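K.L.:
So I've got this file, input29.pdb, and it contains PDB, C-alpha atoms and all ligand atoms:
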ATOM      1  CA  MET L   1     -24.420  24.998  -9.610
ATOM      2  CA  THR L   2     -27.134  27.660  -9.682
ATOM      3  CA  GLY L   3     -28.463  28.564  -6.231
ATOM      4  CA  LEU L   4     -25.144  27.877  -4.475
ATOM      5  CA  ASN L   5     -22.775  30.687  -3.688
ATOM      6  CA  ALA L   6     -19.012  30.239  -3.718
ATOM      7  CA  ALA L   7     -18.886  29.571   0.031
ATOM      8  CA  THR L   8     -21.357  26.652  -0.033
ATOM      9  CA  ARG L   9     -20.647  25.200  -3.479
ATOM     10  CA  PRO L  10     -18.719  21.892  -3.345
ATOM     11  CA  ALA L  11     -15.240  22.417  -4.711
ATOM     12  CA  GLU L  12     -14.515  20.915  -8.111
ATOM     13  CA  ALA L  13     -12.009  18.058  -7.965
ATOM     14  CA  ARG L  14      -9.132  18.496 -10.396
ATOM     15  CA  VAL L  15      -6.758  15.814 -11.635
ATOM     16  CA  GLY L  16      -3.245  17.230 -11.773
ATOM     17  CA  HIS L  17      -0.126  16.140 -13.579
ATOM     18  CA  ARG L  18       1.532  12.734 -13.198
ATOM     19  CA  LEU L  19       3.851  12.998 -10.217
ATOM     20  CA  SER L  20       6.644  10.880 -11.659
ATOM     21  CA  PRO L  21       7.348   8.693 -14.696
ATOM     22  CA  ALA L  22       6.740   5.693 -12.406
ATOM     23  CA  GLY L  23       3.261   6.822 -11.383
ATOM     24  CA  GLY L  24       1.298   8.955  -8.966
ATOM     25  CA  VAL L  25      -1.215  11.684  -9.651
ATOM     26  CA  GLU L  26      -2.433  14.599  -7.581
ATOM     27  CA  ILE L  27      -6.112  15.434  -6.981
ATOM     28  CA  THR L  28      -6.939  18.872  -5.637
ATOM     29  CA  GLY L  29     -10.230  20.581  -4.830
ATOM     30  CA  ALA L  30     -11.937  17.436  -3.453
ATOM     31  CA  ASP L  31     -13.573  17.279  -0.033
ATOM     32  CA  LEU L  32     -13.932  13.647   0.961
ATOM     33  CA  ALA L  33     -15.479  14.549   4.321
ATOM     34  CA  ARG L  34     -18.697  15.557   2.537
ATOM     35  CA  ALA L  35     -21.059  13.183   0.756
ATOM     36  CA  VAL L  36     -18.825  12.076  -2.111
ATOM     37  CA  PRO L  37     -20.687  11.930  -5.453
ATOM     38  CA  GLU L  38     -20.443   8.818  -7.605
ATOM     39  CA  SER L  39     -18.755  10.911 -10.313
ATOM     40  CA  LEU L  40     -15.829  11.633  -7.957
ATOM     41  CA  ILE L  41     -15.543   7.958  -6.973
ATOM     42  CA  ALA L  42     -15.396   7.109 -10.704
ATOM     43  CA  LEU L  43     -12.750   9.789 -11.296
ATOM     44  CA  LEU L  44     -10.586   8.482  -8.440
ATOM     45  CA  HIS L  45     -10.995   4.898  -9.609
ATOM     46  CA  ARG L  46      -9.924   5.849 -13.152
ATOM     47  CA  ALA L  47      -6.946   7.778 -11.755
ATOM     48  CA  LEU L  48      -5.957   4.721  -9.694
ATOM     49  CA  LEU L  49      -5.952   2.475 -12.764
ATOM     50  CA  ASP L  50      -4.003   5.013 -14.840
ATOM     51  CA  HIS L  51      -1.444   6.160 -12.243
ATOM     52  CA  HIS L  52      -1.520   3.457  -9.477
ATOM     53  CA  VAL L  53      -0.987   6.050  -6.696
ATOM     54  CA  VAL L  54      -3.587   8.778  -6.134
ATOM     55  CA  VAL L  55      -2.708  11.658  -3.828
ATOM     56  CA  VAL L  56      -5.777  13.569  -2.658
ATOM     57  CA  ARG L  57      -4.547  16.815  -1.090
ATOM     58  CA  ASP L  58      -5.928  18.835   1.815
ATOM     59  CA  GLN L  59      -8.195  16.353   3.590
ATOM     60  CA  ALA L  60      -9.139  16.281   7.270
ATOM     61  CA  LEU L  61     -10.987  13.015   7.731
ATOM     62  CA  THR L  62     -12.148  11.461  10.958
ATOM     63  CA  LYS L  63     -11.711   7.703  11.200
ATOM     64  CA  GLU L  64     -15.414   7.323  10.543
ATOM     65  CA  GLN L  65     -15.216   9.454   7.381
ATOM     66  CA  GLN L  66     -12.184   7.529   6.130
ATOM     67  CA  HIS L  67     -14.006   4.277   6.827
ATOM     68  CA  ASP L  68     -17.107   5.422   4.903
ATOM     69  CA  PHE L  69     -15.068   6.771   1.985
ATOM     70  CA  THR L  70     -13.025   3.550   1.707
ATOM     71  CA  ARG L  71     -16.209   1.487   1.779
ATOM     72  CA  ARG L  72     -17.199   3.063  -1.545
ATOM     73  CA  PHE L  73     -14.438   1.047  -3.235
ATOM     74  CA  GLY L  74     -15.289  -2.362  -1.777
ATOM     75  CA  GLU L  75     -15.139  -4.494   1.334
ATOM     76  CA  LEU L  76     -12.784  -3.319   4.095
ATOM     77  CA  GLU L  77     -10.159  -5.664   5.478
ATOM     78  CA  ASP L  78      -9.266  -6.123   9.106
ATOM     79  CA  HIS L  79      -5.638  -5.630  10.081
ATOM     80  CA  VAL L  80      -3.592  -8.642  11.085
ATOM     81  CA  ALA L  81      -1.855  -6.840  13.961
ATOM     82  CA  ARG L  82      -5.197  -6.117  15.665
ATOM     83  CA  HIS L  83      -4.093  -2.693  16.932
ATOM     84  CA  SER L  84      -7.193  -1.153  15.486
ATOM     85  CA  ASP L  85      -9.412   1.473  17.017
ATOM     86  CA  ALA L  86     -12.243  -0.157  18.958
ATOM     87  CA  ARG L  87     -15.001   1.956  17.423
ATOM     88  CA  TYR L  88     -13.847   1.869  13.821
ATOM     89  CA  GLY L  89     -12.065  -1.455  14.126
ATOM     90  CA  ILE L  90     -10.765  -1.538  10.602
ATOM     91  CA  VAL L  91      -9.167   1.907  10.592
ATOM     92  CA  HIS L  92      -5.677   1.078  11.726
ATOM     93  CA  SER L  93      -2.994   3.556  12.849
ATOM     94  CA  VAL L  94       0.480   3.316  11.336
ATOM     95  CA  THR L  95       2.851   5.032  13.765
ATOM     96  CA  ASN L  96       6.364   5.169  15.157
ATOM     97  CA  LEU L  97       4.981   5.456  18.692
ATOM     98  CA  ASP L  98       5.842   3.098  21.522
ATOM     99  CA  ARG L  99       3.341   1.681  24.017
ATOM    100  CA  ASP L 100       3.493   4.937  26.026
ATOM    101  CA  GLY L 101       2.729   7.014  22.929
ATOM    102  CA  ASN L 102       6.265   8.389  22.529
ATOM    103  CA  PRO L 103       8.198   8.524  19.248
ATOM    104  CA  SER L 104      10.576   5.597  18.970
ATOM    105  CA  GLU L 105      13.005   4.125  16.493
ATOM    106  CA  THR L 106      12.673   0.672  18.040
ATOM    107  CA  LEU L 107       9.842  -0.625  15.948
ATOM    108  CA  GLU L 108       7.896  -3.738  16.883
ATOM    109  CA  ILE L 109       6.772  -4.173  13.301
ATOM    110  CA  ARG L 110       9.524  -3.605  10.761
ATOM    111  CA  GLY L 111       7.911  -5.156   7.706
ATOM    112  CA  ASN L 112       6.586  -1.806   6.406
ATOM    113  CA  TYR L 113      10.177  -0.715   5.785
ATOM    114  CA  PHE L 114      10.749  -3.511   3.252
ATOM    115  CA  TRP L 115       9.283  -3.606  -0.247
ATOM    116  CA  HIS L 116       5.970  -5.436  -0.136
ATOM    117  CA  THR L 117       2.445  -5.554  -1.478
ATOM    118  CA  ASP L 118      -0.234  -5.616   1.178
ATOM    119  CA  LYS L 119      -1.391  -8.994   2.529
ATOM    120  CA  SER L 120       0.140 -11.053  -0.265
ATOM    121  CA  TYR L 121       0.448 -13.802   2.392
ATOM    122  CA  HIS L 122      -3.355 -14.171   2.147
ATOM    123  CA  ALA L 123      -5.085 -16.251  -0.519
ATOM    124  CA  VAL L 124      -7.140 -13.123  -1.256
ATOM    125  CA  PRO L 125      -4.718 -10.189  -0.899
ATOM    126  CA  SER L 126      -5.490  -6.464  -0.733
ATOM    127  CA  LEU L 127      -6.718  -4.438  -3.669
ATOM    128  CA  MET L 128      -6.151  -0.914  -2.447
ATOM    129  CA  THR L 129      -4.654   0.721   0.644
ATOM    130  CA  LEU L 130      -5.432   4.237   1.857
ATOM    131  CA  LEU L 131      -3.166   6.191   4.203
ATOM    132  CA  HIS L 132      -4.209   9.535   5.638
ATOM    133  CA  ALA L 133      -1.552  11.789   7.150
ATOM    134  CA  VAL L 134      -2.496  12.762  10.693
ATOM    135  CA  GLU L 135       0.886  13.764  12.204
ATOM    136  CA  LEU L 136       4.071  14.094  10.172
ATOM    137  CA  PRO L 137       7.716  14.712  10.998
ATOM    138  CA  PRO L 138       9.016  18.107   9.808
ATOM    139  CA  GLU L 139      10.869  16.344   7.024
ATOM    140  CA  GLY L 140      11.255  12.804   5.709
ATOM    141  CA  GLY L 141       9.048   9.877   6.650
ATOM    142  CA  ASP L 142       8.392   9.265   2.949
ATOM    143  CA  THR L 143       6.640   6.318   1.345
ATOM    144  CA  GLN L 144       8.008   4.773  -1.858
ATOM    145  CA  PHE L 145       6.065   2.977  -4.562
ATOM    146  CA  ALA L 146       7.586   0.758  -7.271
ATOM    147  CA  ASN L 147       5.613   0.202 -10.477
ATOM    148  CA  MET L 148       5.429  -3.540 -11.158
ATOM    149  CA  VAL L 149       3.785  -3.118 -14.572
ATOM    150  CA  LEU L 150       6.721  -1.070 -15.863
ATOM    151  CA  ALA L 151       9.194  -3.388 -14.145
ATOM    152  CA  TYR L 152       7.690  -6.455 -15.827
ATOM    153  CA  ARG L 153       7.573  -4.714 -19.208
ATOM    154  CA  ALA L 154      11.292  -3.904 -18.967
ATOM    155  CA  LEU L 155      12.392  -7.513 -18.306
ATOM    156  CA  PRO L 156      14.336  -9.282 -21.060
ATOM    157  CA  GLN L 157      12.222 -11.684 -23.113
ATOM    158  CA  ALA L 158      14.184 -14.670 -21.792
ATOM    159  CA  MET L 159      13.310 -13.751 -18.194
ATOM    160  CA  LYS L 160       9.634 -13.274 -19.097
ATOM    161  CA  ALA L 161       9.659 -16.777 -20.597
ATOM    162  CA  ARG L 162      11.368 -18.160 -17.468
ATOM    163  CA  LEU L 163       8.752 -16.589 -15.175
ATOM    164  CA  ALA L 164       5.721 -17.805 -17.126
ATOM    165  CA  GLY L 165       3.766 -20.183 -14.907
ATOM    166  CA  LEU L 166       6.053 -19.750 -11.858
ATOM    167  CA  ARG L 167       4.417 -19.210  -8.474
ATOM    168  CA  ALA L 168       6.011 -17.598  -5.432
ATOM    169  CA  VAL L 169       5.189 -18.772  -1.936
ATOM    170  CA  HIS L 170       4.185 -15.849   0.313
ATOM    171  CA  SER L 171       3.917 -16.245   4.069
ATOM    172  CA  TRP L 172       3.726 -14.271   7.272
ATOM    173  CA  GLU L 173       6.569 -16.422   8.570
ATOM    174  CA  ALA L 174       8.859 -15.466   5.643
ATOM    175  CA  SER L 175       7.859 -11.827   5.961
ATOM    176  CA  ARG L 176       8.801 -11.689   9.643
ATOM    177  CA  ARG L 177      12.053 -13.544   9.024
ATOM    178  CA  GLN L 178      13.121 -11.462   6.021
ATOM    179  CA  SER L 179      12.383  -8.165   7.773
ATOM    180  CA  GLY L 180      14.275  -9.127  10.928
ATOM    181  CA  SER L 181      11.075  -8.773  13.004
ATOM    182  CA  SER L 182      10.365 -11.075  15.937
ATOM    183  CA  PRO L 183       9.631 -14.550  14.527
ATOM    184  CA  ALA L 184       6.060 -15.557  13.696
ATOM    185  CA  THR L 185       4.475 -17.471  16.561
ATOM    186  CA  GLU L 186       3.103 -20.996  16.098
ATOM    187  CA  GLU L 187      -0.423 -19.586  16.361
ATOM    188  CA  GLU L 188       0.288 -16.982  13.655
ATOM    189  CA  LYS L 189       1.750 -19.661  11.401
ATOM    190  CA  ARG L 190      -1.367 -21.791  11.878
ATOM    191  CA  GLU L 191      -3.677 -18.818  11.238
ATOM    192  CA  ARG L 192      -1.741 -17.637   8.164
ATOM    193  CA  PRO L 193      -0.347 -20.640   6.323
ATOM    194  CA  PRO L 194       1.813 -20.030   3.222
ATOM    195  CA  VAL L 195       0.032 -19.332  -0.072
ATOM    196  CA  ALA L 196       1.320 -19.437  -3.644
ATOM    197  CA  HIS L 197       0.581 -16.682  -6.176
ATOM    198  CA  PRO L 198       1.754 -16.257  -9.766
ATOM    199  CA  ILE L 199       5.009 -14.280  -9.965
ATOM    200  CA  VAL L 200       3.466 -12.438 -12.899
ATOM    201  CA  ARG L 201      -0.137 -11.544 -12.178
ATOM    202  CA  THR L 202      -2.666 -10.098 -14.573
ATOM    203  CA  HIS L 203      -4.287  -6.915 -13.346
ATOM    204  CA  PRO L 204      -7.965  -7.858 -13.145
ATOM    205  CA  GLU L 205      -9.177  -4.462 -14.388
ATOM    206  CA  THR L 206      -6.567  -3.360 -16.929
ATOM    207  CA  GLY L 207      -5.386  -6.800 -18.101
ATOM    208  CA  GLU L 208      -1.755  -5.668 -17.714
ATOM    209  CA  PRO L 209       0.856  -8.172 -16.514
ATOM    210  CA  ALA L 210       2.745  -7.098 -13.379
ATOM    211  CA  LEU L 211       5.388  -8.651 -11.148
ATOM    212  CA  TYR L 212       3.878  -9.868  -7.878
ATOM    213  CA  ILE L 213       6.778 -10.293  -5.469
ATOM    214  CA  GLY L 214       8.126  -8.488  -2.364
ATOM    215  CA  ASN L 215       9.167  -9.226   1.170
ATOM    216  CA  HIS L 216       6.303 -11.601   1.978
ATOM    217  CA  ALA L 217       7.531 -13.957  -0.769
ATOM    218  CA  GLY L 218      10.163 -16.369   0.559
ATOM    219  CA  ALA L 219      10.297 -19.205  -1.973
ATOM    220  CA  ILE L 220       9.267 -20.344  -5.429
ATOM    221  CA  GLU L 221       7.128 -23.447  -5.851
ATOM    222  CA  GLY L 222       9.073 -26.402  -7.219
ATOM    223  CA  MET L 223      12.454 -24.670  -6.914
ATOM    224  CA  GLY L 224      15.217 -25.232  -4.353
ATOM    225  CA  GLU L 225      15.349 -22.702  -1.511
ATOM    226  CA  ALA L 226      18.599 -21.037  -2.608
ATOM    227  CA  GLU L 227      17.644 -20.870  -6.296
ATOM    228  CA  GLY L 228      14.165 -19.535  -5.482
ATOM    229  CA  GLN L 229      15.475 -16.865  -3.139
ATOM    230  CA  ALA L 230      18.166 -15.848  -5.629
ATOM    231  CA  LEU L 231      15.558 -15.377  -8.367
ATOM    232  CA  LEU L 232      13.213 -13.436  -6.067
ATOM    233  CA  GLY L 233      16.152 -11.253  -5.013
ATOM    234  CA  GLU L 234      17.141 -10.617  -8.622
ATOM    235  CA  LEU L 235      13.580  -9.656  -9.548
ATOM    236  CA  LEU L 236      13.248  -7.353  -6.543
ATOM    237  CA  ALA L 237      16.519  -5.597  -7.363
ATOM    238  CA  HIS L 238      15.350  -5.104 -10.950
ATOM    239  CA  ALA L 239      11.833  -3.956  -9.999
ATOM    240  CA  THR L 240      12.887  -1.333  -7.464
ATOM    241  CA  GLN L 241      15.378   0.558  -9.631
ATOM    242  CA  PRO L 242      14.893   4.351  -9.510
ATOM    243  CA  GLN L 243      13.148   4.545 -12.895
ATOM    244  CA  PHE L 244      10.283   2.410 -11.532
ATOM    245  CA  VAL L 245       9.945   4.268  -8.210
ATOM    246  CA  TYR L 246       7.795   7.187  -7.089
ATOM    247  CA  THR L 247       8.751   8.636  -3.689
ATOM    248  CA  HIS L 248       5.893  10.335  -1.884
ATOM    249  CA  ASN L 249       6.914  13.262   0.317
ATOM    250  CA  TRP L 250       3.923  13.588   2.617
ATOM    251  CA  ARG L 251       2.114  16.890   3.099
ATOM    252  CA  SER L 252      -0.258  17.579   5.918
ATOM    253  CA  GLY L 253      -3.791  16.534   4.866
ATOM    254  CA  ASP L 254      -2.696  14.037   2.198
ATOM    255  CA  LEU L 255      -4.853  10.997   1.626
ATOM    256  CA  VAL L 256      -2.905   8.549  -0.528
ATOM    257  CA  MET L 257      -4.631   5.620  -2.228
ATOM    258  CA  TRP L 258      -2.624   2.926  -4.003
ATOM    259  CA  ASP L 259      -3.205  -0.173  -6.082
ATOM    260  CA  ASN L 260      -1.508  -3.191  -4.512
ATOM    261  CA  ARG L 261      -2.086  -5.191  -7.690
ATOM    262  CA  ALA L 262       0.353  -3.009  -9.607
ATOM    263  CA  LEU L 263       2.870  -1.810  -7.000
ATOM    264  CA  LEU L 264       5.270  -2.630  -4.244
ATOM    265  CA  HIS L 265       5.672  -0.043  -1.496
ATOM    266  CA  ARG L 266       7.733   0.642   1.607
ATOM    267  CA  ALA L 267       8.073   3.292   4.292
ATOM    268  CA  LEU L 268      11.403   5.118   4.577
ATOM    269  CA  ALA L 269      13.007   5.630   7.960
ATOM    270  CA  ASN L 270      14.508   8.890   6.671
ATOM    271  CA  TYR L 271      13.597  11.077   9.648
ATOM    272  CA  ALA L 272      14.515  11.442  13.305
ATOM    273  CA  MET L 273      12.206   8.649  14.454
ATOM    274  CA  ALA L 274      13.107   8.943  18.110
ATOM    275  CA  ARG L 275      12.195  12.679  18.091
ATOM    276  CA  HIS L 276       9.222  13.179  15.784
ATOM    277  CA  ARG L 277       5.789  11.598  15.653
ATOM    278  CA  ARG L 278       4.538  10.026  12.427
ATOM    279  CA  VAL L 279       0.904   8.928  12.545
ATOM    280  CA  LEU L 280      -1.199   7.874   9.577
ATOM    281  CA  HIS L 281      -4.625   6.263   9.452
ATOM    282  CA  ARG L 282      -4.859   3.243   7.229
ATOM    283  CA  THR L 283      -7.758   1.448   5.569
ATOM    284  CA  VAL L 284      -7.552  -1.448   3.141
ATOM    285  CA  VAL L 285      -9.953  -2.776   0.507
ATOM    286  CA  ARG L 286     -10.065  -6.522  -0.046
ATOM    287  CA  GLY L 287      -9.011  -7.713  -3.490
ATOM    288  CA  THR L 288      -9.474 -10.897  -5.498
ATOM    289  CA  VAL L 289      -7.422 -14.062  -5.985
ATOM    290  CA  PRO L 290      -4.395 -13.215  -8.191
ATOM    291  CA  TYR L 291      -4.155 -14.990 -11.554
TER     292      TYR L 291
HETATM  293  C1  LIG L 301       2.482   0.410   4.756
HETATM  294  O1  LIG L 301       3.423  -0.308   4.440
HETATM  295  O2  LIG L 301       1.327   0.059   4.561
HETATM  296  C2  LIG L 301       2.739   1.747   5.406
HETATM  297  C3  LIG L 301       3.678   2.585   4.642
HETATM  298  C4  LIG L 301       4.112   3.816   5.404
HETATM  299  O3  LIG L 301       4.080   3.839   6.640
HETATM  300  O4  LIG L 301       4.544   4.773   4.761
END
Kindly return the structure encoded in the file as structure tokens.
Ligand code: SIN
P.N.:
Amino acid sequence: MTGLNAATRPAEARVGHRLSPAGGVEITGADLARAVPESLIALLHRALLDHHVVVVRDQALTKEQQHDFTRRFGELEDHVARHSDARYGIVHSVTNLDRDGNPSETLEIRGNYFWHTDKSYHAVPSLMTLLHAVELPPEGGDTQFANMVLAYRALPQAMKARLAGLRAVHSWEASRRQSGSSPATEEEKRERPPVAHPIVRTHPETGEPALYIGNHAGAIEGMGEAEGQALLGELLAHATQPQFVYTHNWRSGDLVMWDNRALLHRALANYAMARHRRVLHRTVVRGTVPY
């Protein structure tokens, strides 16, 4: 660092303490709006594998900067809802705003409020999602993460044996139905046909087994509808118990990155949605076929 004074020297990123027994870690001192060195990308990647949720504090990223930062981790995914910004098409806004830009509690898309893992209704689902806080309510508006590695580990041996080789059927249609959103259209059903994924997936980087379930899963291959839904419901109730959950209370400037291969997540409607704006910018990195 010789030749740089304190004002121009890039801040040193620090990895803080684990935010909860279920996961999450805080990174301070990073400035992702600058050219991000490979060493910081490696540090964030390691933190993601170790803690599943990485909270980078005090960022102020434009959509372009968020796009470029996300790109360092892989290929960006488009968003199914196609609400994206025209210039940076794959930086999507997650908001509680209505068509006139006013806060609203009547949400068109309700799926985010149910436990899910991103795009599990695709044959190649998401690896990582990044949300950057742009406008936050004065309190609440949290996001919860449930650790599917810990949840799988805690299952009784008999249940682990029962799940071995089972595949859940994930679909956009089931997701819309189970979240009480407006039903999937025929065109959407054609574009996003159901896909089956193992109920226990192996994390491709750590080798750890994790439950792969959530609100997009509506059935189990080879099982009757009622039996399949009962088992998925039982697993979801087990996997989202408080000891497996980290609740993120957003702070202004947070950029939160999470590993969809190891977590379920959901937004909480625990704020005055009709009064306060909640706007976050979202980017998603494409993953690999679950096995
Ligand atoms: C999401 O489900 O991707 C968004 C979560 C949130 O709005 O907190």
K.L.:
Distance table requested - chain L against ligand LIG 301 (chain L), cut-off 9 Å, all atoms listed in the file: one row per qualifying residue with the closest atom pair and its distance in Å to one decimal, ordered by chain and rising residue number, as JSON lines.
P.N.:
{"residue": "L:Val94", "atom": "CA", "partner": "L:LIG301", "partner_atom": "O3", "distance": 5.9}
{"residue": "L:Thr95", "atom": "CA", "partner": "L:LIG301", "partner_atom": "O3", "distance": 7.3}
{"residue": "L:Asn96", "atom": "CA", "partner": "L:LIG301", "partner_atom": "O3", "distance": 8.9}
{"residue": "L:Gly111", "atom": "CA", "partner": "L:LIG301", "partner_atom": "O1", "distance": 7.4}
{"residue": "L:Asn112", "atom": "CA", "partner": "L:LIG301", "partner_atom": "O1", "distance": 4.0}
{"residue": "L:Tyr113", "atom": "CA", "partner": "L:LIG301", "partner_atom": "O1", "distance": 6.9}
{"residue": "L:Phe114", "atom": "CA", "partner": "L:LIG301", "partner_atom": "O1", "distance": 8.1}
{"residue": "L:Trp115", "atom": "CA", "partner": "L:LIG301", "partner_atom": "O1", "distance": 8.2}
{"residue": "L:His116", "atom": "CA", "partner": "L:LIG301", "partner_atom": "O1", "distance": 7.3}
{"residue": "L:Thr117", "atom": "CA", "partner": "L:LIG301", "partner_atom": "O1", "distance": 8.0}
{"residue": "L:Asp118", "atom": "CA", "partner": "L:LIG301", "partner_atom": "O2", "distance": 6.8}
{"residue": "L:Thr129", "atom": "CA", "partner": "L:LIG301", "partner_atom": "O2", "distance": 7.2}
{"residue": "L:Leu130", "atom": "CA", "partner": "L:LIG301", "partner_atom": "O2", "distance": 8.4}
{"residue": "L:Leu131", "atom": "CA", "partner": "L:LIG301", "partner_atom": "C2", "distance": 7.5}
{"residue": "L:Gly141", "atom": "CA", "partner": "L:LIG301", "partner_atom": "O4", "distance": 7.1}
{"residue": "L:Asp142", "atom": "CA", "partner": "L:LIG301", "partner_atom": "O4", "distance": 6.2}
{"residue": "L:Thr143", "atom": "CA", "partner": "L:LIG301", "partner_atom": "O4", "distance": 4.3}
{"residue": "L:Gln144", "atom": "CA", "partner": "L:LIG301", "partner_atom": "O4", "distance": 7.5}
{"residue": "L:His248", "atom": "CA", "partner": "L:LIG301", "partner_atom": "O4", "distance": 8.8}
{"residue": "L:His265", "atom": "CA", "partner": "L:LIG301", "partner_atom": "O1", "distance": 6.4}
{"residue": "L:Arg266", "atom": "CA", "partner": "L:LIG301", "partner_atom": "O1", "distance": 5.2}
{"residue": "L:Ala267", "atom": "CA", "partner": "L:LIG301", "partner_atom": "O4", "distance": 3.9}
{"residue": "L:Leu268", "atom": "CA", "partner": "L:LIG301", "partner_atom": "O4", "distance": 6.9}
{"residue": "L:Arg278", "atom": "CA", "partner": "L:LIG301", "partner_atom": "O3", "distance": 8.5}
{"residue": "L:Val279", "atom": "CA", "partner": "L:LIG301", "partner_atom": "O3", "distance": 8.4}
{"residue": "L:Leu280", "atom": "CA", "partner": "L:LIG301", "partner_atom": "O3", "distance": 7.3}
{"residue": "L:Arg282", "atom": "CA", "partner": "L:LIG301", "partner_atom": "O2", "distance": 7.5}
K.L.:
Counting only C-alpha atoms, what is within 6 Å of range 52-58 of chain L, bar same-chain residues fewer than 6 positions away, as a ChimeraX atom specification?
P.N.:
/L:24-28,253-259
K.L.:
Which residue, L:Asn249, L:Ser182, L:Arg277, L:Ser120, has the smallest gap to Ile199 in chain L when you use all atoms listed in the file?
P.N.:
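Closest to Ile199 in chain L, using all atoms listed in the file: L:Ser120.
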K.L.:
State, in Å with one decimal place, the distance from CA of Leu264 in chain L to CA of Leu211 in chain L.
P.N.:
9.2 Å
K.L.:
Would you pick out the contacts of Glu234 in chain L at 12 Å or less, using all atoms listed in the file, so that residues sharing its chain but fewer than 5 positions from it are not included, and give the list as a PyMOL selection string?
P.N.:
chain L and resi 155+159+213-214+227-229+239-241
K.L.:
Pull out every residue that the PyMOL selection byres (((chain L and resi 40) around 12) and not hetatm) matches in the shown coordinates and put them as a PDB file with C-alpha atoms, in the coordinates of the input.
P.N.:
ATOM      1  CA  PRO L  10     -18.719  21.892  -3.345  1.00  0.00           C
ATOM      2  CA  ALA L  11     -15.240  22.417  -4.711  1.00  0.00           C
ATOM      3  CA  GLU L  12     -14.515  20.915  -8.111  1.00  0.00           C
ATOM      4  CA  ALA L  13     -12.009  18.058  -7.965  1.00  0.00           C
ATOM      5  CA  ARG L  14      -9.132  18.496 -10.396  1.00  0.00           C
ATOM      6  CA  VAL L  15      -6.758  15.814 -11.635  1.00  0.00           C
ATOM      7  CA  ILE L  27      -6.112  15.434  -6.981  1.00  0.00           C
ATOM      8  CA  THR L  28      -6.939  18.872  -5.637  1.00  0.00           C
ATOM      9  CA  GLY L  29     -10.230  20.581  -4.830  1.00  0.00           C
ATOM     10  CA  ALA L  30     -11.937  17.436  -3.453  1.00  0.00           C
ATOM     11  CA  ASP L  31     -13.573  17.279  -0.033  1.00  0.00           C
ATOM     12  CA  LEU L  32     -13.932  13.647   0.961  1.00  0.00           C
ATOM     13  CA  ARG L  34     -18.697  15.557   2.537  1.00  0.00           C
ATOM     14  CA  ALA L  35     -21.059  13.183   0.756  1.00  0.00           C
ATOM     15  CA  VAL L  36     -18.825  12.076  -2.111  1.00  0.00           C
ATOM     16  CA  PRO L  37     -20.687  11.930  -5.453  1.00  0.00           C
ATOM     17  CA  GLU L  38     -20.443   8.818  -7.605  1.00  0.00           C
ATOM     18  CA  SER L  39     -18.755  10.911 -10.313  1.00  0.00           C
ATOM     19  CA  ILE L  41     -15.543   7.958  -6.973  1.00  0.00           C
ATOM     20  CA  ALA L  42     -15.396   7.109 -10.704  1.00  0.00           C
ATOM     21  CA  LEU L  43     -12.750   9.789 -11.296  1.00  0.00           C
ATOM     22  CA  LEU L  44     -10.586   8.482  -8.440  1.00  0.00           C
ATOM     23  CA  HIS L  45     -10.995   4.898  -9.609  1.00  0.00           C
ATOM     24  CA  ARG L  46      -9.924   5.849 -13.152  1.00  0.00           C
ATOM     25  CA  ALA L  47      -6.946   7.778 -11.755  1.00  0.00           C
ATOM     26  CA  VAL L  56      -5.777  13.569  -2.658  1.00  0.00           C
ATOM     27  CA  PHE L  69     -15.068   6.771   1.985  1.00  0.00           C
ATOM     28  CA  ARG L  72     -17.199   3.063  -1.545  1.00  0.00           C
ATOM     29  CA  PHE L  73     -14.438   1.047  -3.235  1.00  0.00           C
TER      30      PHE L  73
END
